[in-house]
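What follows is a short report on a single structure.
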Amino acid sequence: MRSDYKKKQIKQLELYFRSLSSVCIDSVLAYYYVPYEFLKFERYLGNRVLKKGLRLWDIKDAESLKTRIRWLLEDGNRDDYKALHAELSALPEQARQNWMEASKDYPEYARMSVVQTFLLQLPAGEIAAFGGGWAIFLSRVGLAYGYLTKEEAWAIKLEAAGYVQQHYRSWEEYLIAFMAGSRFWKPEEQFANVVYIMTRGQTLLGMGTFASRKAPWDIPLEPGGERAAYRKESASLDA
């Protein structure tokens with residue numbers, strides 16, 4: 001429970017959660033929403049960041065929000081990505097290029113191209129970053145809209161953060177995987193449409209290494225700050 005954490009640790013973790021989900025915001029306001037959280041009154045001001053997030057995932061109420069978050073954490077296109085990754089990585093480079101050339105009319109070609117692009121950068125083929133980052137973002141929006149209680153949102157953010165920490169060793173790996181997952185989700189869109197993710201990454205990894213100073217990748221998630229392994233327990237999302 002959130003009450004098990006000291007105020008200082010809560011403050012540090014909330015910054016970490018905001019940093020993880022900052023890559024979901026395609027707006028200059030993303031910089032503002034790293035140090036600051038969404039507030040409830042913003043929903044009445046027509047905040048475009050919040051509204052765009054809900055519209056993007058077709059969320060209209062608490063039930064649809066919770067359903068979408070659960071899908072992001074339990075699926076998030078991970079298995080589909082890994083399947084294509086396994087097929088491509090099993091082939092020698094020249095054979096892979098020949099197969100890609102011969103598969104241009106294949107329904108999955110657009111997604112195959114994304115996997116091919118990130119094959120060397122993401123050797124494990126794991127895009128958990130995409131689901132984890134968006135789950136945190138939507139939990140923040142859900143709290144602002146009253147779709148989640150503070151305890152529900154906190155539990156989701158902890159689960160999602162533990163989820164991505166299990167799969168990546170650094171901010172760099174997380175950002176690459178989020179980029180791959182984003183393109184795989186909407187492969188028909190131009191690469192320029194996700195360049196903002198790279199920009200957000202430059203902010204987290206630059207500016208005097210903000211991430212390492214303020215939001216280190218391996219920040220403890222357990223109460224008290226111990227570096228005990230995070231035990232993945234599904235947050236309650238019952239409507």
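In the structure tokens, chains take letters A, B, ... by order of appearance, with residues numbered from 1 within each chain and ligands from 1 in the order shown.
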Leaving out range 81-97 of chain A and any residue of its chain fewer than 6 positions from it, which residues lie within 9 Å of it when counting only C-alpha atoms, given as a CSV table (one decimal) with C-alpha atoms, in the first residue's frame?
```
chain,number,residue,atom,x,y,z
A,111,ARG,CA,5.4,-5.2,-38.8
A,112,MET,CA,8.2,-7.4,-40.1
A,115,VAL,CA,11.2,-5.9,-36.2
A,116,GLN,CA,14.0,-6.0,-38.9
A,119,LEU,CA,16.8,-6.6,-34.7
A,123,PRO,CA,18.3,-8.7,-29.6
A,124,ALA,CA,15.9,-10.2,-27.0
A,125,GLY,CA,12.9,-9.0,-29.0
A,126,GLU,CA,11.2,-7.8,-25.8
A,127,ILE,CA,8.9,-4.7,-26.1
A,181,GLY,CA,6.9,-1.2,-29.5
A,184,PHE,CA,5.1,-2.1,-34.1
```
Surrounding residues of range 147-164 of chain A excluding itself and chain neighbours under 5 positions, 10 Å, only C-alpha atoms, as JSON, numbers by chain: {"A": [1, 2, 3, 10, 13, 14, 16, 17, 18, 20, 21, 60, 61, 62, 63, 64, 65, 66, 69, 70, 72, 73, 126, 127, 128, 129, 130, 131, 132, 133, 134, 135, 136, 137, 138, 139, 140, 141, 142, 169, 170, 174, 217, 218, 219, 220, 221, 222, 229, 230, 231, 232, 233, 234, 235, 236, 237, 238, 239]}
Atoms to include: C-alpha atoms. Write the selected residues as an mmCIF file, in the first residue's frame.
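Dumped everything to result.cif:
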```
data_model
loop_
_atom_site.group_PDB
_atom_site.id
_atom_site.type_symbol
_atom_site.label_atom_id
_atom_site.label_comp_id
_atom_site.auth_asym_id
_atom_site.auth_seq_id
_atom_site.Cartn_x
_atom_site.Cartn_y
_atom_site.Cartn_z
ATOM 1 C CA MET A 1 0.000 0.000 0.000
ATOM 2 C CA ARG A 2 1.071 3.574 -0.588
ATOM 3 C CA SER A 3 0.937 4.222 3.162
ATOM 4 C CA ILE A 10 7.015 8.339 -2.696
ATOM 5 C CA LEU A 13 9.137 6.986 -7.157
ATOM 6 C CA GLU A 14 6.532 9.353 -8.568
ATOM 7 C CA TYR A 16 10.476 7.784 -11.751
ATOM 8 C CA PHE A 17 6.947 6.897 -12.887
ATOM 9 C CA ARG A 18 6.538 10.254 -14.623
ATOM 10 C CA LEU A 20 8.916 6.277 -17.562
ATOM 11 C CA SER A 21 5.646 7.550 -19.010
ATOM 12 C CA LYS A 60 -14.502 6.462 -22.148
ATOM 13 C CA ASP A 61 -14.905 5.349 -18.552
ATOM 14 C CA ALA A 62 -13.269 3.535 -15.647
ATOM 15 C CA GLU A 63 -14.057 0.092 -17.030
ATOM 16 C CA SER A 64 -12.484 0.710 -20.438
ATOM 17 C CA LEU A 65 -9.446 2.307 -18.777
ATOM 18 C CA LYS A 66 -8.845 -0.706 -16.540
ATOM 19 C CA ILE A 69 -4.262 -1.133 -18.787
ATOM 20 C CA ARG A 70 -4.586 -4.865 -18.163
ATOM 21 C CA LEU A 72 -1.003 -3.391 -21.955
ATOM 22 C CA LEU A 73 0.549 -5.253 -19.037
ATOM 23 C CA GLU A 126 11.203 -7.763 -25.798
ATOM 24 C CA ILE A 127 8.881 -4.731 -26.081
ATOM 25 C CA ALA A 128 7.498 -4.796 -22.525
ATOM 26 C CA ALA A 129 8.550 -1.143 -22.318
ATOM 27 C CA PHE A 130 5.644 -0.176 -24.555
ATOM 28 C CA GLY A 131 2.966 -1.749 -22.369
ATOM 29 C CA GLY A 132 4.619 -0.722 -19.125
ATOM 30 C CA GLY A 133 5.105 2.909 -20.096
ATOM 31 C CA TRP A 134 1.567 3.314 -21.362
ATOM 32 C CA ALA A 135 0.068 1.533 -18.353
ATOM 33 C CA ILE A 136 1.747 4.090 -16.090
ATOM 34 C CA PHE A 137 0.622 6.986 -18.257
ATOM 35 C CA LEU A 138 -2.986 5.806 -18.307
ATOM 36 C CA SER A 139 -2.988 5.231 -14.558
ATOM 37 C CA ARG A 140 -1.935 8.856 -14.123
ATOM 38 C CA VAL A 141 -4.709 10.042 -16.425
ATOM 39 C CA GLY A 142 -7.173 7.699 -14.732
ATOM 40 C CA ARG A 169 18.995 -3.079 -17.503
ATOM 41 C CA SER A 170 19.050 0.622 -18.315
ATOM 42 C CA TYR A 174 13.953 0.828 -22.162
ATOM 43 C CA TRP A 217 16.901 2.932 -13.611
ATOM 44 C CA ASP A 218 17.245 0.417 -10.780
ATOM 45 C CA ILE A 219 15.497 2.565 -8.181
ATOM 46 C CA PRO A 220 14.105 0.316 -5.406
ATOM 47 C CA LEU A 221 10.369 -0.280 -5.613
ATOM 48 C CA GLU A 222 9.912 -1.891 -2.214
ATOM 49 C CA ALA A 229 13.471 -8.214 -6.058
ATOM 50 C CA TYR A 230 10.082 -6.815 -6.986
ATOM 51 C CA ARG A 231 7.386 -9.432 -6.744
ATOM 52 C CA LYS A 232 4.971 -9.058 -9.581
ATOM 53 C CA GLU A 233 1.437 -9.021 -8.254
ATOM 54 C CA SER A 234 -1.372 -7.937 -10.510
ATOM 55 C CA ALA A 235 -2.902 -4.697 -9.367
ATOM 56 C CA SER A 236 -6.615 -4.938 -8.717
ATOM 57 C CA LEU A 237 -8.507 -3.510 -11.655
ATOM 58 C CA ASP A 238 -11.980 -4.588 -10.748
ATOM 59 C CA ALA A 239 -14.452 -1.958 -11.801
#
```
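Atom pair CA of Cys24 in chain A / CA of Gly225 in chain A: separated by 26.8 Å.
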Secondary structure check, helix (DSSP H, G or I) residues of range 44-143 of chain A, as a PyMOL selection string: chain A and resi 44-45+48-56+62-74+78-89+93-102+109-117+128-143
Would you list the contacts of Ala30 in chain A as number ranges by chain, taking every protein, DNA or RNA residue within 9 Å and counting only C-alpha atoms, but skipping same-chain residues closer than 6 positions in sequence? A: 22-24, 49, 200
